>>> print(open('my_file.txt').read())   # compact mmCIF, C-alpha atoms and all ligand atoms
# COMPACT_ATOMS: atom_id res chain seq x y z
CA MET A 67 10.18 27.90 8.91
CA SER A 68 10.62 24.18 9.32
CA VAL A 69 7.64 22.02 10.23
CA HIS A 70 9.42 20.53 13.24
CA SER A 71 10.34 22.77 16.15
CA GLU A 72 12.72 20.55 18.10
CA ILE A 73 15.20 18.42 16.21
CA LYS A 74 14.99 14.81 17.27
CA LYS A 75 16.80 12.38 15.00
CA ILE A 76 14.55 9.78 13.39
CA THR A 77 15.76 6.20 13.83
CA THR A 78 14.75 2.84 12.40
CA GLU A 79 12.86 2.30 15.67
CA THR A 80 10.90 5.52 15.09
CA LEU A 81 9.73 4.14 11.74
CA LYS A 82 8.65 0.84 13.31
CA LYS A 83 6.72 2.78 15.99
CA MET A 84 5.08 4.88 13.27
CA LYS A 85 3.70 1.72 11.71
CA GLY A 86 2.51 0.64 15.16
CA ASN A 87 0.54 3.80 15.76
CA GLY A 88 -0.65 4.28 12.17
CA THR A 89 1.47 7.36 11.36
CA LYS A 90 2.39 7.38 7.68
CA ILE A 91 6.10 7.59 6.83
CA SER A 92 7.36 10.15 4.29
CA MET A 93 10.57 9.48 2.39
CA LEU A 94 12.34 11.27 -0.48
CA THR A 95 15.61 10.68 -2.25
CA ALA A 96 18.55 13.09 -2.00
CA TYR A 97 22.02 12.92 -3.45
CA ASP A 98 23.54 16.29 -2.48
CA PHE A 99 24.01 18.67 0.46
CA THR A 100 21.76 21.53 -0.72
CA SER A 101 18.80 19.32 -1.57
CA ALA A 102 19.19 17.34 1.64
CA LYS A 103 19.02 20.58 3.66
CA MET A 104 15.73 21.59 1.98
CA ILE A 105 14.23 18.11 2.21
CA ASP A 106 15.15 17.77 5.89
CA ALA A 107 13.76 21.24 6.66
CA GLY A 108 10.52 20.20 4.95
CA GLY A 109 10.09 17.58 7.65
CA VAL A 110 10.52 14.34 5.72
CA ASP A 111 10.98 11.30 7.99
CA ALA A 112 13.60 9.49 5.93
CA ILE A 113 16.00 10.33 3.12
CA LEU A 114 17.10 7.69 0.63
CA VAL A 115 20.47 8.20 -1.00
CA GLY A 116 19.21 6.16 -3.91
CA ASP A 117 21.28 4.55 -6.62
CA SER A 118 18.83 6.42 -8.87
CA ALA A 119 21.61 9.03 -8.60
CA ALA A 120 23.00 7.10 -11.59
CA ASN A 121 19.98 8.29 -13.63
CA VAL A 122 19.22 11.63 -12.03
CA MET A 123 22.70 12.99 -11.31
CA ALA A 124 24.81 11.24 -13.93
CA GLY A 125 22.35 10.70 -16.80
CA PHE A 126 22.84 6.95 -17.14
CA GLU A 127 19.98 4.85 -18.59
CA THR A 128 20.07 2.40 -15.67
CA THR A 129 21.26 2.33 -12.06
CA LEU A 130 23.91 -0.30 -12.84
CA PRO A 131 26.95 1.90 -13.51
CA ILE A 132 27.04 3.72 -10.15
CA THR A 133 29.91 2.58 -7.92
CA LEU A 134 30.41 2.18 -4.19
CA ASP A 135 32.64 5.26 -4.12
CA HIS A 136 30.04 7.34 -5.99
CA MET A 137 27.37 6.26 -3.47
CA ILE A 138 29.67 7.15 -0.59
CA TYR A 139 30.32 10.61 -2.04
CA HIS A 140 26.57 11.26 -2.41
CA ALA A 141 25.82 9.89 1.06
CA GLN A 142 28.52 12.02 2.73
CA SER A 143 27.03 15.14 1.12
CA VAL A 144 23.50 14.22 2.27
CA VAL A 145 24.64 13.43 5.82
CA ARG A 146 26.26 16.88 6.06
CA GLY A 147 22.95 18.51 5.06
CA THR A 148 20.64 16.51 7.33
CA GLN A 149 19.82 16.98 10.99
CA ARG A 150 16.61 15.06 11.56
CA ALA A 151 15.69 12.53 8.89
CA LEU A 152 16.85 8.91 8.94
CA ILE A 153 19.39 8.43 6.15
CA VAL A 154 19.30 5.17 4.20
CA VAL A 155 21.92 4.48 1.52
CA ASP A 156 21.42 2.16 -1.46
CA MET A 157 24.08 -0.50 -1.87
CA PRO A 158 24.99 -0.28 -5.56
CA PHE A 159 24.78 -3.08 -8.09
CA GLY A 160 27.71 -5.48 -7.77
CA SER A 161 28.67 -4.46 -4.24
CA TYR A 162 26.71 -7.18 -2.41
CA GLN A 163 25.18 -9.84 -4.66
CA SER A 164 28.22 -12.09 -5.11
CA ASP A 165 28.76 -13.33 -1.53
CA PRO A 166 28.01 -12.38 2.10
CA LYS A 167 31.64 -11.48 2.92
CA ARG A 168 31.84 -9.04 0.02
CA ALA A 169 28.42 -7.66 0.99
CA LEU A 170 29.55 -7.00 4.57
CA LYS A 171 32.80 -5.40 3.40
CA SER A 172 30.86 -3.00 1.14
CA ALA A 173 28.29 -2.31 3.87
CA VAL A 174 30.96 -1.52 6.47
CA LYS A 175 32.74 0.80 4.03
CA ILE A 176 29.54 2.80 3.47
CA MET A 177 28.74 2.98 7.19
CA LYS A 178 32.30 3.96 8.22
CA GLU A 179 32.81 6.59 5.54
CA THR A 180 29.37 8.24 5.54
CA GLN A 181 27.85 8.01 9.02
CA ALA A 182 24.50 7.18 7.45
CA SER A 183 22.11 5.12 9.59
CA ALA A 184 21.00 2.26 7.35
CA LEU A 185 21.40 0.54 3.99
CA LYS A 186 18.98 -0.66 1.32
CA LEU A 187 19.47 -3.81 -0.78
CA GLU A 188 17.34 -5.01 -3.69
CA GLY A 189 15.98 -8.56 -3.72
CA GLY A 190 14.59 -11.39 -1.59
CA LYS A 191 15.56 -15.02 -1.11
CA GLU A 192 18.47 -14.81 -3.58
CA ILE A 193 20.36 -12.35 -1.36
CA ALA A 194 19.13 -13.60 2.03
CA LYS A 195 22.61 -14.65 3.21
CA CYS A 196 24.07 -11.25 2.33
CA ILE A 197 21.28 -9.43 4.18
CA LYS A 198 21.72 -11.64 7.25
CA LYS A 199 25.49 -11.08 7.33
CA ILE A 200 25.00 -7.29 7.26
CA ILE A 201 22.24 -7.28 9.88
CA ASP A 202 24.29 -9.60 12.14
CA ALA A 203 27.04 -6.96 12.07
CA GLY A 204 24.60 -4.46 13.58
CA ILE A 205 23.77 -2.55 10.40
CA PRO A 206 20.06 -1.84 9.81
CA VAL A 207 18.81 -3.02 6.41
CA MET A 208 15.82 -1.86 4.38
CA GLY A 209 14.63 -4.41 1.79
CA HIS A 210 13.38 -3.57 -1.71
CA LEU A 211 10.95 -5.81 -3.64
CA GLY A 212 8.79 -5.57 -6.75
CA LEU A 213 10.41 -3.54 -9.50
CA THR A 214 14.06 -3.72 -8.47
CA PRO A 215 15.88 -1.53 -11.04
CA GLN A 216 19.24 -3.30 -10.56
CA SER A 217 17.59 -6.34 -12.25
CA ILE A 218 16.38 -4.35 -15.27
CA ASN A 219 18.29 -6.55 -17.70
CA GLN A 220 16.41 -9.56 -16.38
CA PHE A 221 13.01 -7.79 -16.38
CA GLY A 222 13.50 -6.14 -19.79
CA SER A 223 11.31 -3.13 -18.88
CA TYR A 224 10.29 -0.82 -16.02
CA LYS A 225 6.67 -2.06 -16.20
CA ILE A 226 4.62 -2.97 -13.12
CA ARG A 227 5.74 -6.21 -11.38
CA ALA A 228 3.94 -9.05 -9.61
CA LYS A 229 0.64 -8.86 -11.49
CA ALA A 230 0.72 -12.61 -12.07
CA GLU A 231 -0.13 -14.89 -9.15
CA GLU A 232 3.19 -16.73 -9.13
CA GLU A 233 5.27 -13.55 -8.91
CA ALA A 234 2.88 -12.07 -6.33
CA ASN A 235 3.22 -15.19 -4.15
CA LYS A 236 7.01 -15.03 -4.40
CA LEU A 237 6.92 -11.38 -3.40
CA ILE A 238 4.85 -12.19 -0.29
CA GLU A 239 7.27 -15.01 0.63
CA ASP A 240 10.25 -12.70 0.10
CA ALA A 241 8.67 -9.97 2.24
CA LEU A 242 8.07 -12.42 5.10
CA LEU A 243 11.65 -13.67 4.75
CA LEU A 244 13.10 -10.15 4.86
CA GLU A 245 11.10 -9.48 8.02
CA LYS A 246 12.39 -12.73 9.55
CA LEU A 247 15.97 -11.81 8.66
CA GLY A 248 15.58 -8.58 10.63
CA CYS A 249 15.03 -5.90 7.97
CA PHE A 250 13.51 -2.81 9.59
CA ALA A 251 11.39 -1.82 6.55
CA ILE A 252 10.75 -2.80 2.93
CA VAL A 253 10.35 -0.65 -0.18
CA LEU A 254 7.64 -1.99 -2.51
CA GLU A 255 8.11 -0.59 -5.99
CA LYS A 256 5.52 -0.59 -8.81
CA ILE A 257 3.27 -3.46 -7.77
CA PRO A 258 -0.55 -3.65 -7.64
CA ALA A 259 -2.02 -1.65 -4.74
CA ALA A 260 -4.01 -4.68 -3.57
CA LEU A 261 -0.85 -6.77 -3.28
CA ALA A 262 1.00 -3.99 -1.42
CA LYS A 263 -1.96 -3.76 0.99
CA LYS A 264 -1.83 -7.51 1.60
CA VAL A 265 1.93 -7.43 2.25
CA THR A 266 1.59 -4.39 4.52
CA GLU A 267 -1.08 -6.14 6.60
CA ARG A 268 0.99 -9.33 6.92
CA LEU A 269 4.17 -7.56 8.13
CA SER A 270 5.00 -6.00 11.47
CA ILE A 271 7.72 -3.86 9.82
CA PRO A 272 6.77 -0.85 7.68
CA THR A 273 6.36 -0.96 3.92
CA ILE A 274 7.34 2.13 1.93
CA GLY A 275 5.64 2.29 -1.45
CA ILE A 276 6.55 3.85 -4.77
CA GLY A 277 3.81 3.13 -7.26
CA ALA A 278 2.31 0.66 -4.77
CA GLY A 279 -0.85 2.44 -3.59
CA VAL A 280 -1.93 4.30 -0.49
CA GLU A 281 -2.13 1.34 1.89
CA CYS A 282 1.66 1.08 2.33
CA ASP A 283 2.91 2.39 5.67
CA GLY A 284 4.79 5.16 3.87
CA GLN A 285 5.66 6.61 0.49
CA VAL A 286 8.92 7.41 -1.28
CA LEU A 287 9.51 9.47 -4.41
CA VAL A 288 12.59 10.68 -6.24
CA TYR A 289 12.93 14.33 -5.17
CA GLN A 290 13.82 15.68 -8.63
CA ASP A 291 10.72 13.96 -10.04
CA MET A 292 8.31 15.31 -7.40
CA VAL A 293 9.53 18.89 -7.86
CA GLY A 294 9.24 18.57 -11.66
CA MET A 295 12.92 18.87 -12.61
CA ASN A 296 12.83 15.78 -14.78
CA LYS A 297 10.84 17.02 -17.80
CA GLY A 298 9.00 14.32 -19.70
CA PHE A 299 9.16 11.76 -16.88
CA ALA A 300 5.52 11.32 -15.89
CA PRO A 301 4.71 7.79 -14.76
CA LYS A 302 1.19 7.28 -13.39
CA PHE A 303 2.40 6.98 -9.77
CA LEU A 304 4.24 10.31 -9.78
CA ARG A 305 2.67 13.44 -8.30
CA GLN A 306 4.54 16.59 -9.37
CA TYR A 307 4.32 19.27 -6.69
CA LEU A 308 6.20 21.89 -8.70
CA ASP A 309 7.28 22.53 -12.28
CA LEU A 310 10.87 23.41 -11.50
CA HIS A 311 12.06 22.58 -15.02
CA THR A 312 10.02 25.51 -16.34
CA GLU A 313 10.82 27.78 -13.35
CA ILE A 314 14.55 27.17 -13.62
CA THR A 315 14.86 27.40 -17.42
CA ASN A 316 12.86 30.66 -17.32
CA ALA A 317 15.16 32.03 -14.62
CA VAL A 318 18.23 31.03 -16.63
CA SER A 319 16.80 32.69 -19.78
CA GLN A 320 16.15 35.86 -17.81
CA TYR A 321 19.72 35.80 -16.43
CA VAL A 322 21.16 35.34 -19.94
CA GLN A 323 19.13 38.29 -21.18
CA ASP A 324 20.19 40.45 -18.21
CA VAL A 325 23.87 39.68 -18.83
CA LYS A 326 23.62 40.38 -22.57
CA THR A 327 21.79 43.69 -22.02
CA LYS A 328 24.05 44.81 -19.13
CA ASN A 329 21.02 44.76 -16.81
CA PHE A 330 23.08 42.54 -14.49
CA PRO A 331 24.94 43.40 -12.35
CA ASN A 332 23.54 46.78 -11.30
CA GLU A 333 25.20 49.29 -8.97
CA ASN A 334 23.90 47.60 -5.80
CA GLU A 335 25.31 44.32 -7.01
CA SER A 336 28.77 45.80 -7.62
CA TYR A 337 31.64 46.78 -5.27
O1 LIG B 401 17.19 4.52 -5.99
C1 LIG B 401 16.03 4.91 -5.73
O2 LIG B 401 15.66 6.06 -5.94
C2 LIG B 401 15.09 3.94 -5.17
C3 LIG B 401 13.68 4.40 -4.98
C4 LIG B 401 12.99 4.46 -6.28
C5 LIG B 401 12.96 3.56 -4.01
O3 LIG B 401 15.46 2.84 -4.89
>>> encode(input="my_file.txt", output="structure tokens")
Amino acid sequence: MSVHSEIKKITTETLKKMKGNGTKISMLTAYDFTSAKMIDAGGVDAILVGDSAANVMAGFETTLPITLDHMIYHAQSVVRGTQRALIVVDMPFGSYQSDPKRALKSAVKIMKETQASALKLEGGKEIAKCIKKIIDAGIPVMGHLGLTPQSINQFGSYKIRAKAEEEANKLIEDALLLEKLGCFAIVLEKIPAALAKKVTERLSIPTIGIGAGVECDGQVLVYQDMVGMNKGFAPKFLRQYLDLHTEITNAVSQYVQDVKTKNFPNENESY
């Protein structure tokens, strides 16, 4: 049974109210219909159709190769599987950074073709004009600061960000700017917990942390990571709630054995 009895769609306003009354926000990624159905039934507040689909679904090393059309396909599948959670879609690398007009065109395409409720863009000051253009068109935007995987080639690694004072100060300035531009929430990825706490206290919009400590207004994880499908991926911030890699490979082995030994299908499973 689902944890929510009456289905009331979560909106960006709901998330802002949750910060106001101290209710923590839960968010998970989803890229497909079946997972979205399970995640929504579990009562998560928001679903992120993350560009991490490039890693998790397609096996790329980085999030850079995923295209606008790929993101739209994933988002359409998630929207069809979701009744309650707010759906936020990542704008992929290259679809918004070049200029505000291009950013708006990409944003409108996602919104028109998916019926998702909001978009997420990585970066601060450098993409301020693009964010403003999208928000001015009536599209809710979630910011993303700290470790922004689309900039991996600049960072050189997926290590924690903003440990040094200069980078931490820039992150605070960027967070305040994103709030001023009208973002409804900000993801803080892999930064010191003390810095995330400081940012969270300074902002009136919610912060959603991933590897950013418990004082953020909410938390997000990649679904396949939290259910243990991604064997060998065990960063410090990740809590694995299941070991589905083992469960699924054992089930597959059993199925293979049953087929080979003619134990499957049995009479009840035949017409
Ligand atoms: O794409 C993604 O999964 C993300 C989360 C890690 C926040 O951006």
>>> atom_distance(input="my_file.txt", atom1="atom CA of A:Gln142", atom2="atom CA of A:Leu130")
20.4 Å
>>> closest_atom_pairs(input="my_file.txt", of="stretch 191-297 of chain A", to="stretch 161-182 of chain A", cutoff="8 Å", atoms="all atoms listed in the file", output="JSON lines")
{"residue": "A:Ile193", "atom": "CA", "partner": "A:Gln163", "partner_atom": "CA", "distance": 6.4}
{"residue": "A:Lys195", "atom": "CA", "partner": "A:Pro166", "partner_atom": "CA", "distance": 6.0}
{"residue": "A:Cys196", "atom": "CA", "partner": "A:Pro166", "partner_atom": "CA", "distance": 4.1}
{"residue": "A:Ile197", "atom": "CA", "partner": "A:Pro166", "partner_atom": "CA", "distance": 7.6}
{"residue": "A:Lys199", "atom": "CA", "partner": "A:Pro166", "partner_atom": "CA", "distance": 5.9}
{"residue": "A:Ile200", "atom": "CA", "partner": "A:Leu170", "partner_atom": "CA", "distance": 5.3}
{"residue": "A:Ala203", "atom": "CA", "partner": "A:Leu170", "partner_atom": "CA", "distance": 7.9}
{"residue": "A:Ile205", "atom": "CA", "partner": "A:Ala173", "partner_atom": "CA", "distance": 7.9}
>>> residues_around(input="my_file.txt", residues="A:Ile314", least_positions_apart="5", cutoff="12 Å", atoms="only C-alpha atoms", output="list in words")
Val293, Gly294, Met295, Asn296, Lys297, Leu308, Asp309, Ser319, Gln320 and Tyr321 of chain A
>>> residues_around(input="my_file.txt", residues="A:Lys264", least_positions_apart="4", cutoff="10 Å", atoms="all atoms listed in the file", output="PDB file with C-alpha atoms, keeping the file's coordinate frame")
ATOM      1  CA  ILE A 238       4.850 -12.190  -0.290  1.00  0.00           C
ATOM      2  CA  ALA A 259      -2.020  -1.650  -4.740  1.00  0.00           C
ATOM      3  CA  ALA A 260      -4.010  -4.680  -3.570  1.00  0.00           C
ATOM      4  CA  ARG A 268       0.990  -9.330   6.920  1.00  0.00           C
ATOM      5  CA  LEU A 269       4.170  -7.560   8.130  1.00  0.00           C
ATOM      6  CA  GLU A 281      -2.130   1.340   1.890  1.00  0.00           C
ATOM      7  CA  CYS A 282       1.660   1.080   2.330  1.00  0.00           C
TER       8      CYS A 282
END
>>> residues_near_ligand(input="my_file.txt", ligand="ligand LIG 401 (chain B)", cutoff="10 Å", atoms="all atoms listed in the file", output="JSON, numbers by chain")
{"A": [93, 94, 95, 96, 97, 114, 115, 116, 117, 118, 119, 120, 121, 122, 129, 155, 156, 157, 158, 186, 187, 188, 209, 210, 211, 213, 214, 215, 216, 252, 253, 254, 255, 256, 274, 275, 276, 277, 285, 286, 287, 288, 289]}
>>> closest_residue(input="my_file.txt", among="A:Thr133, A:Lys246, A:Glu239, A:Thr78", to="A:Leu185", atoms="only C-alpha atoms")
A:Thr78
>>> axis_aligned_box(input="my_file.txt", around="stretch 109-123 of chain A", padding_each_side="6 Å", output="AutoDock Vina command-line options")
--center_x 16.5 --center_y 11.1 --center_z -2.8 --size_x 24.9 --size_y 25.0 --size_z 33.6
>>> atom_distance(input="my_file.txt", atom1="atom CA of A:Lys82", atom2="atom CA of A:Val144")
22.8 Å
>>> atom_distance(input="my_file.txt", atom1="atom CA of A:Ala102", atom2="atom CA of A:Gly284")
19.0 Å
